[in-house]
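Trainee: This structure is in structure tokens; I'll ask about it shortly.
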Amino acid sequence: RYRGHFFLCNYTGNGGIESFAVKPKGAAFKIVDEHDFLKPIKATDVDFGYDGKMYVADFVNLDWSGKSLGGRIYTLFDSARVGSEEVADVRTRFAKGFKGLSDNELLSGLQHPDMRVRQRCQFELASRKSDNALGASMLATVATRNANGIDRLVQFGRLHAIWAIGQRLRRGKSKQLLPLLRALLVNDQELEVRSQGAKVLGEARDQASTPSLIGALHDDSARLRFFAAEALGRIG
């Protein structure tokens, strides 16, 4: 049930952990399935560990004399889930780190089921000093791989590759991939790929993409129109 859900601390008199998901609405999203997850508890933070458990910090109470009433940390978990191979894989990856991985290993990680792994692989790819043709070509291959609207992990990999290219462009790297992003904006079948392509082109201040971005202002998708308008504003 909780795939794709957010968790937040609502620190009120009857507060605690609340959860919700989102669905596309126009250029943004609308909140759905909003509900209480763990209440009442004076929760000040909630996060997921690499061991598959949810960690909740409980403030307990405030003593106005300055004494500590002792905070608590609770864990919530599915006993079957924490023992799974997927959780073991995430725990091992973060214990070993990402700097020693090859470009191919990092590119493969862009399609990992866990967003934290995908982000770390993306940031490591973006931070690498080398801008060799092979590395750029591999990143471009992932970004252009056709997801066929079916495999969400393939689409995630494409988006993370586009964001990694965007990070490199902002550092003055991988400028040879700008034509690829322009082509994705105009021709790709995936709406979110086109939208994120527009976003990255705007952040790169790519003057050559201006005609295509102006064309995107007339697209049926409000989301693509939003990112195209934002990109044009950045380009000036």
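Ligands are numbered from 1 in the order shown, residues from 1 within each chain, and chains are lettered A, B, ... in the order they appear in the structure tokens.
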Could you pull out the alpha helix (DSSP H) residues of segment 131-200 of chain A from DSSP and send them as number ranges by chain?

Mentor: A: 133-144, 152-170, 178-187, 191-200

Trainee: Write out as a PyMOL selection string which residues come within 8 Å of His112 of chain A when counting only C-alpha atoms, dropping same-chain ones fewer than 5 positions away.

Mentor: chain A and resi 117-118+153+157

Trainee: Can you tell me which residues surround Glu34 of chain A at a distance of at most 10 Å, considering only C-alpha atoms, apart from same-chain residues fewer than 4 positions away, and format the answer as a ChimeraX atom specification?

Mentor: /A:5-7,18-22

Trainee: Taking only C-alpha atoms into account, name the residue in A:Leu159, A:Val32, A:Ala27, A:Leu101 that is nearest to Ala229 of chain A.

Mentor: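 Result for the nearest residue to Ala229 of chain A: A:Ala27.
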
Trainee: By how many Å are atom CA of Gln196 of chain A and atom CA of Tyr50 of chain A apart?

Mentor: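 Computed distance, atom CA of Gln196 of chain A to atom CA of Tyr50 of chain A, equals 28.3 Å.
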
Trainee: One decimal, in Å: what's the spacing between atom CA of Ser212 of chain A and atom CA of Val200 of chain A?

Mentor: 13.5 Å

Trainee: What does the structure give for the distance between atom CA of Arg145 of chain A and atom CA of Val186 of chain A, in Å to one decimal?

Mentor: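 Separation of atom CA of Arg145 of chain A and atom CA of Val186 of chain A: 15.4 Å.
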
Trainee: Taking only C-alpha atoms into account, which of A:Leu191, A:Leu201, A:Ala43, A:Leu8 comes nearest Ala222 of chain A?

Mentor: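 The answer is A:Leu191, which sits nearest to Ala222 of chain A.
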